[in-house]
Amino acid sequence: MHFRYTAAVLTAAGAMAKLPVIPVPSGAKAQPVDAGEVAARLAELAYGPPSGLVRDLAGPRVHDLADLVRDVVRAQHRRRRPIVPVRLPGAAARAFREGANLGVDADLGRRTWEDFLAERLRTPASAAGA
């Protein structure tokens, strides 16, 4: 089973958002899935009958990696930072550009990147008023 973690995308994008110029692999896409949905799926598989090989679990939408980084920069209220596409060499980078990391035949989670980001990066003041 292969998962695409939403929190991992946030961590990586948040680290890149601290840079004055943000390099992002050109053509890279991600399909982040909520960790809670991953945990529920794992529990279901662990406590259920033997399943053999199961379908991948992926997020409900495919996003351009540069867009995910822009979302984090905006949500963290950081001043604008230029995002520079960088073409990475090699077979692994080519596989990412071709979408090998995406859940083509995967079961899809329900929680979107936007919902996750809004909840995760909510400020204490806005959380108290909610």
# chains A, B, ... in the order shown; residues from 1 in each chain; ligands from 1

call {"tool": "select_by_dssp", "arguments": {"residues": "region 9-111 of chain A", "states": "strand (DSSP E)", "output": "ChimeraX atom specification"}}
result
/A:22-25,29-30,57-58,63-64,83-86,107-108

call {"tool": "write_last_selection", "arguments": {"atoms": "C-alpha atoms", "output": "PDB file, in the first residue's frame"}}
result
ATOM      1  CA  ILE A  22      11.786  28.885  -3.417  1.00  0.00           C
ATOM      2  CA  PRO A  23      13.063  26.230  -5.816  1.00  0.00           C
ATOM      3  CA  VAL A  24      10.333  23.795  -6.841  1.00  0.00           C
ATOM      4  CA  PRO A  25      10.873  20.799  -9.102  1.00  0.00           C
ATOM      5  CA  LYS A  29       2.610  17.099  -8.818  1.00  0.00           C
ATOM      6  CA  ALA A  30       1.366  15.734  -5.507  1.00  0.00           C
ATOM      7  CA  LEU A  57      -4.896   5.445  -0.919  1.00  0.00           C
ATOM      8  CA  ALA A  58      -4.434   8.947  -2.323  1.00  0.00           C
ATOM      9  CA  HIS A  63      -2.044  19.517  -7.234  1.00  0.00           C
ATOM     10  CA  ASP A  64       0.932  21.145  -8.868  1.00  0.00           C
ATOM     11  CA  ILE A  83       8.951  30.385  -6.847  1.00  0.00           C
ATOM     12  CA  VAL A  84      11.531  29.189  -9.336  1.00  0.00           C
ATOM     13  CA  PRO A  85      10.893  26.005 -11.305  1.00  0.00           C
ATOM     14  CA  VAL A  86      13.950  23.762 -11.303  1.00  0.00           C
ATOM     15  CA  ASP A 107      -8.945   4.769  -3.555  1.00  0.00           C
ATOM     16  CA  LEU A 108      -9.415   8.462  -2.880  1.00  0.00           C
TER      17      LEU A 108
END

call {"tool": "residues_around", "arguments": {"residues": "Arg79 (chain A)", "least_positions_apart": "3", "cutoff": "12 Å", "atoms": "only C-alpha atoms", "output": "PyMOL selection string"}}
result
chain A and resi 17-21+70+72-76+82

call {"tool": "write_last_selection", "arguments": {"atoms": "C-alpha atoms", "output": "compact mmCIF listing (two decimals), in the first residue's frame"}}
result
# COMPACT_ATOMS: atom_id res chain seq x y z
CA ALA A 17 8.62 28.83 2.27
CA LYS A 18 11.31 30.10 4.66
CA LEU A 19 13.77 30.55 1.80
CA PRO A 20 14.05 33.93 0.06
CA VAL A 21 13.66 32.17 -3.31
CA ARG A 70 2.15 29.04 -2.76
CA VAL A 72 1.56 27.46 2.43
CA VAL A 73 3.34 30.78 1.88
CA ARG A 74 -0.03 32.56 1.78
CA ALA A 75 -1.44 30.67 4.78
CA GLN A 76 1.66 31.45 6.86
CA PRO A 82 9.51 34.01 -5.93

call {"tool": "closest_residue", "arguments": {"among": "A:Ala93, A:Leu88, A:Val62, A:Val69", "to": "Val33 (chain A)", "atoms": "only C-alpha atoms"}}
result
A:Val62

call {"tool": "closest_residue", "arguments": {"among": "A:Val104, A:Val38, A:Ala12, A:Ala43", "to": "Arg61 (chain A)", "atoms": "only C-alpha atoms"}}
result
A:Val104

call {"tool": "select_by_dssp", "arguments": {"residues": "region 67-103 of chain A", "states": "helix (DSSP H, G or I)", "output": "PyMOL selection string"}}
result
chain A and resi 67-75+91-97

call {"tool": "decode", "arguments": {"residues": "chain A", "atoms": "C-alpha atoms", "output": "PDB file, in the first residue's frame"}}
result
ATOM      1  CA  MET A   1       0.000   0.000   0.000  1.00  0.00           C
ATOM      2  CA  HIS A   2       1.301   3.429  -0.916  1.00  0.00           C
ATOM      3  CA  PHE A   3       0.195   6.659   0.807  1.00  0.00           C
ATOM      4  CA  ARG A   4       0.747  10.283  -0.070  1.00  0.00           C
ATOM      5  CA  TYR A   5       0.839  12.175   3.245  1.00  0.00           C
ATOM      6  CA  THR A   6      -0.677  15.623   3.571  1.00  0.00           C
ATOM      7  CA  ALA A   7       1.383  16.572   6.644  1.00  0.00           C
ATOM      8  CA  ALA A   8       4.616  15.649   4.866  1.00  0.00           C
ATOM      9  CA  VAL A   9       3.696  17.985   2.011  1.00  0.00           C
ATOM     10  CA  LEU A  10       2.998  20.761   4.526  1.00  0.00           C
ATOM     11  CA  THR A  11       6.326  20.182   6.291  1.00  0.00           C
ATOM     12  CA  ALA A  12       8.309  20.260   3.055  1.00  0.00           C
ATOM     13  CA  ALA A  13       6.429  23.276   1.684  1.00  0.00           C
ATOM     14  CA  GLY A  14       6.770  25.098   5.010  1.00  0.00           C
ATOM     15  CA  ALA A  15      10.520  24.556   5.029  1.00  0.00           C
ATOM     16  CA  MET A  16      10.828  25.806   1.452  1.00  0.00           C
ATOM     17  CA  ALA A  17       8.619  28.827   2.270  1.00  0.00           C
ATOM     18  CA  LYS A  18      11.313  30.096   4.658  1.00  0.00           C
ATOM     19  CA  LEU A  19      13.767  30.552   1.803  1.00  0.00           C
ATOM     20  CA  PRO A  20      14.050  33.931   0.058  1.00  0.00           C
ATOM     21  CA  VAL A  21      13.656  32.174  -3.306  1.00  0.00           C
ATOM     22  CA  ILE A  22      11.786  28.885  -3.417  1.00  0.00           C
ATOM     23  CA  PRO A  23      13.063  26.230  -5.816  1.00  0.00           C
ATOM     24  CA  VAL A  24      10.333  23.795  -6.841  1.00  0.00           C
ATOM     25  CA  PRO A  25      10.873  20.799  -9.102  1.00  0.00           C
ATOM     26  CA  SER A  26       9.258  21.697 -12.418  1.00  0.00           C
ATOM     27  CA  GLY A  27       6.356  19.549 -13.506  1.00  0.00           C
ATOM     28  CA  ALA A  28       6.077  17.870 -10.099  1.00  0.00           C
ATOM     29  CA  LYS A  29       2.610  17.099  -8.818  1.00  0.00           C
ATOM     30  CA  ALA A  30       1.366  15.734  -5.507  1.00  0.00           C
ATOM     31  CA  GLN A  31      -1.827  14.098  -4.325  1.00  0.00           C
ATOM     32  CA  PRO A  32      -1.754  14.640  -0.550  1.00  0.00           C
ATOM     33  CA  VAL A  33      -3.962  12.435   1.609  1.00  0.00           C
ATOM     34  CA  ASP A  34      -5.015  13.163   5.181  1.00  0.00           C
ATOM     35  CA  ALA A  35      -3.105  11.243   7.875  1.00  0.00           C
ATOM     36  CA  GLY A  36      -6.353  10.563   9.749  1.00  0.00           C
ATOM     37  CA  GLU A  37      -7.747   8.813   6.693  1.00  0.00           C
ATOM     38  CA  VAL A  38      -4.531   6.815   6.404  1.00  0.00           C
ATOM     39  CA  ALA A  39      -4.777   5.785  10.078  1.00  0.00           C
ATOM     40  CA  ALA A  40      -8.414   4.731   9.653  1.00  0.00           C
ATOM     41  CA  ARG A  41      -7.512   2.693   6.582  1.00  0.00           C
ATOM     42  CA  LEU A  42      -4.633   0.971   8.364  1.00  0.00           C
ATOM     43  CA  ALA A  43      -6.833   0.131  11.359  1.00  0.00           C
ATOM     44  CA  GLU A  44      -9.508  -1.254   9.054  1.00  0.00           C
ATOM     45  CA  LEU A  45      -6.926  -3.455   7.338  1.00  0.00           C
ATOM     46  CA  ALA A  46      -5.252  -4.522  10.585  1.00  0.00           C
ATOM     47  CA  TYR A  47      -8.489  -5.525  12.312  1.00  0.00           C
ATOM     48  CA  GLY A  48     -10.277  -6.878   9.260  1.00  0.00           C
ATOM     49  CA  PRO A  49      -9.898 -10.203   7.528  1.00  0.00           C
ATOM     50  CA  PRO A  50      -6.762 -10.841   5.468  1.00  0.00           C
ATOM     51  CA  SER A  51      -6.883  -8.673   2.366  1.00  0.00           C
ATOM     52  CA  GLY A  52      -3.784  -9.538   0.386  1.00  0.00           C
ATOM     53  CA  LEU A  53      -2.713  -6.720  -1.870  1.00  0.00           C
ATOM     54  CA  VAL A  54      -4.942  -3.666  -1.380  1.00  0.00           C
ATOM     55  CA  ARG A  55      -5.443  -0.549  -3.464  1.00  0.00           C
ATOM     56  CA  ASP A  56      -3.364   2.549  -2.834  1.00  0.00           C
ATOM     57  CA  LEU A  57      -4.896   5.445  -0.919  1.00  0.00           C
ATOM     58  CA  ALA A  58      -4.434   8.947  -2.323  1.00  0.00           C
ATOM     59  CA  GLY A  59      -5.843  12.397  -1.749  1.00  0.00           C
ATOM     60  CA  PRO A  60      -8.975  13.508  -3.573  1.00  0.00           C
ATOM     61  CA  ARG A  61      -7.135  15.884  -5.936  1.00  0.00           C
ATOM     62  CA  VAL A  62      -3.870  16.210  -7.793  1.00  0.00           C
ATOM     63  CA  HIS A  63      -2.044  19.517  -7.234  1.00  0.00           C
ATOM     64  CA  ASP A  64       0.932  21.145  -8.868  1.00  0.00           C
ATOM     65  CA  LEU A  65       3.717  21.214  -6.272  1.00  0.00           C
ATOM     66  CA  ALA A  66       4.308  24.934  -6.899  1.00  0.00           C
ATOM     67  CA  ASP A  67       0.643  25.621  -6.050  1.00  0.00           C
ATOM     68  CA  LEU A  68       0.961  23.732  -2.752  1.00  0.00           C
ATOM     69  CA  VAL A  69       4.004  25.805  -1.828  1.00  0.00           C
ATOM     70  CA  ARG A  70       2.147  29.039  -2.760  1.00  0.00           C
ATOM     71  CA  ASP A  71      -0.760  27.964  -0.545  1.00  0.00           C
ATOM     72  CA  VAL A  72       1.561  27.464   2.429  1.00  0.00           C
ATOM     73  CA  VAL A  73       3.345  30.781   1.876  1.00  0.00           C
ATOM     74  CA  ARG A  74      -0.027  32.559   1.779  1.00  0.00           C
ATOM     75  CA  ALA A  75      -1.437  30.674   4.783  1.00  0.00           C
ATOM     76  CA  GLN A  76       1.661  31.454   6.859  1.00  0.00           C
ATOM     77  CA  HIS A  77       1.343  35.143   5.936  1.00  0.00           C
ATOM     78  CA  ARG A  78       4.906  35.256   4.690  1.00  0.00           C
ATOM     79  CA  ARG A  79       5.838  38.020   2.328  1.00  0.00           C
ATOM     80  CA  ARG A  80       5.842  37.041  -1.308  1.00  0.00           C
ATOM     81  CA  ARG A  81       8.676  34.827  -2.332  1.00  0.00           C
ATOM     82  CA  PRO A  82       9.513  34.014  -5.925  1.00  0.00           C
ATOM     83  CA  ILE A  83       8.951  30.385  -6.847  1.00  0.00           C
ATOM     84  CA  VAL A  84      11.531  29.189  -9.336  1.00  0.00           C
ATOM     85  CA  PRO A  85      10.893  26.005 -11.305  1.00  0.00           C
ATOM     86  CA  VAL A  86      13.950  23.762 -11.303  1.00  0.00           C
ATOM     87  CA  ARG A  87      14.247  20.869 -13.715  1.00  0.00           C
ATOM     88  CA  LEU A  88      15.817  18.017 -11.785  1.00  0.00           C
ATOM     89  CA  PRO A  89      17.802  15.417 -13.720  1.00  0.00           C
ATOM     90  CA  GLY A  90      17.623  11.672 -13.385  1.00  0.00           C
ATOM     91  CA  ALA A  91      15.163   8.815 -13.575  1.00  0.00           C
ATOM     92  CA  ALA A  92      13.487   9.551 -10.234  1.00  0.00           C
ATOM     93  CA  ALA A  93      12.779  13.177 -11.184  1.00  0.00           C
ATOM     94  CA  ARG A  94      11.476  12.053 -14.566  1.00  0.00           C
ATOM     95  CA  ALA A  95       9.159   9.559 -12.833  1.00  0.00           C
ATOM     96  CA  PHE A  96       7.738  12.387 -10.688  1.00  0.00           C
ATOM     97  CA  ARG A  97       7.213  14.576 -13.760  1.00  0.00           C
ATOM     98  CA  GLU A  98       5.390  11.663 -15.395  1.00  0.00           C
ATOM     99  CA  GLY A  99       3.142  11.207 -12.341  1.00  0.00           C
ATOM    100  CA  ALA A 100       4.506   7.919 -10.982  1.00  0.00           C
ATOM    101  CA  ASN A 101       3.847   9.222  -7.448  1.00  0.00           C
ATOM    102  CA  LEU A 102       0.143   9.813  -8.137  1.00  0.00           C
ATOM    103  CA  GLY A 103      -2.703   7.466  -7.302  1.00  0.00           C
ATOM    104  CA  VAL A 104      -3.967   6.647 -10.775  1.00  0.00           C
ATOM    105  CA  ASP A 105      -5.966   3.589  -9.662  1.00  0.00           C
ATOM    106  CA  ALA A 106      -6.085   4.486  -5.972  1.00  0.00           C
ATOM    107  CA  ASP A 107      -8.945   4.769  -3.555  1.00  0.00           C
ATOM    108  CA  LEU A 108      -9.415   8.462  -2.880  1.00  0.00           C
ATOM    109  CA  GLY A 109      -9.626  10.129   0.498  1.00  0.00           C
ATOM    110  CA  ARG A 110     -12.233  12.808   1.155  1.00  0.00           C
ATOM    111  CA  ARG A 111     -10.398  15.540   3.047  1.00  0.00           C
ATOM    112  CA  THR A 112      -8.937  18.134   0.715  1.00  0.00           C
ATOM    113  CA  TRP A 113      -5.598  19.906   0.932  1.00  0.00           C
ATOM    114  CA  GLU A 114      -7.428  23.213   1.369  1.00  0.00           C
ATOM    115  CA  ASP A 115      -9.434  21.898   4.353  1.00  0.00           C
ATOM    116  CA  PHE A 116      -6.315  20.439   5.931  1.00  0.00           C
ATOM    117  CA  LEU A 117      -4.326  23.636   5.455  1.00  0.00           C
ATOM    118  CA  ALA A 118      -7.090  25.859   6.823  1.00  0.00           C
ATOM    119  CA  GLU A 119      -7.351  23.766   9.978  1.00  0.00           C
ATOM    120  CA  ARG A 120      -3.634  23.156  10.455  1.00  0.00           C
ATOM    121  CA  LEU A 121      -2.471  26.737   9.974  1.00  0.00           C
ATOM    122  CA  ARG A 122      -5.334  28.449  11.718  1.00  0.00           C
ATOM    123  CA  THR A 123      -4.029  31.121  14.061  1.00  0.00           C
ATOM    124  CA  PRO A 124      -4.822  30.851  17.819  1.00  0.00           C
ATOM    125  CA  ALA A 125      -6.940  34.019  17.623  1.00  0.00           C
ATOM    126  CA  SER A 126      -9.088  32.694  14.767  1.00  0.00           C
ATOM    127  CA  ALA A 127      -9.299  29.260  16.423  1.00  0.00           C
ATOM    128  CA  ALA A 128     -10.650  30.831  19.618  1.00  0.00           C
ATOM    129  CA  GLY A 129     -13.303  32.723  17.689  1.00  0.00           C
ATOM    130  CA  ALA A 130     -14.422  29.643  15.760  1.00  0.00           C
TER     131      ALA A 130
END
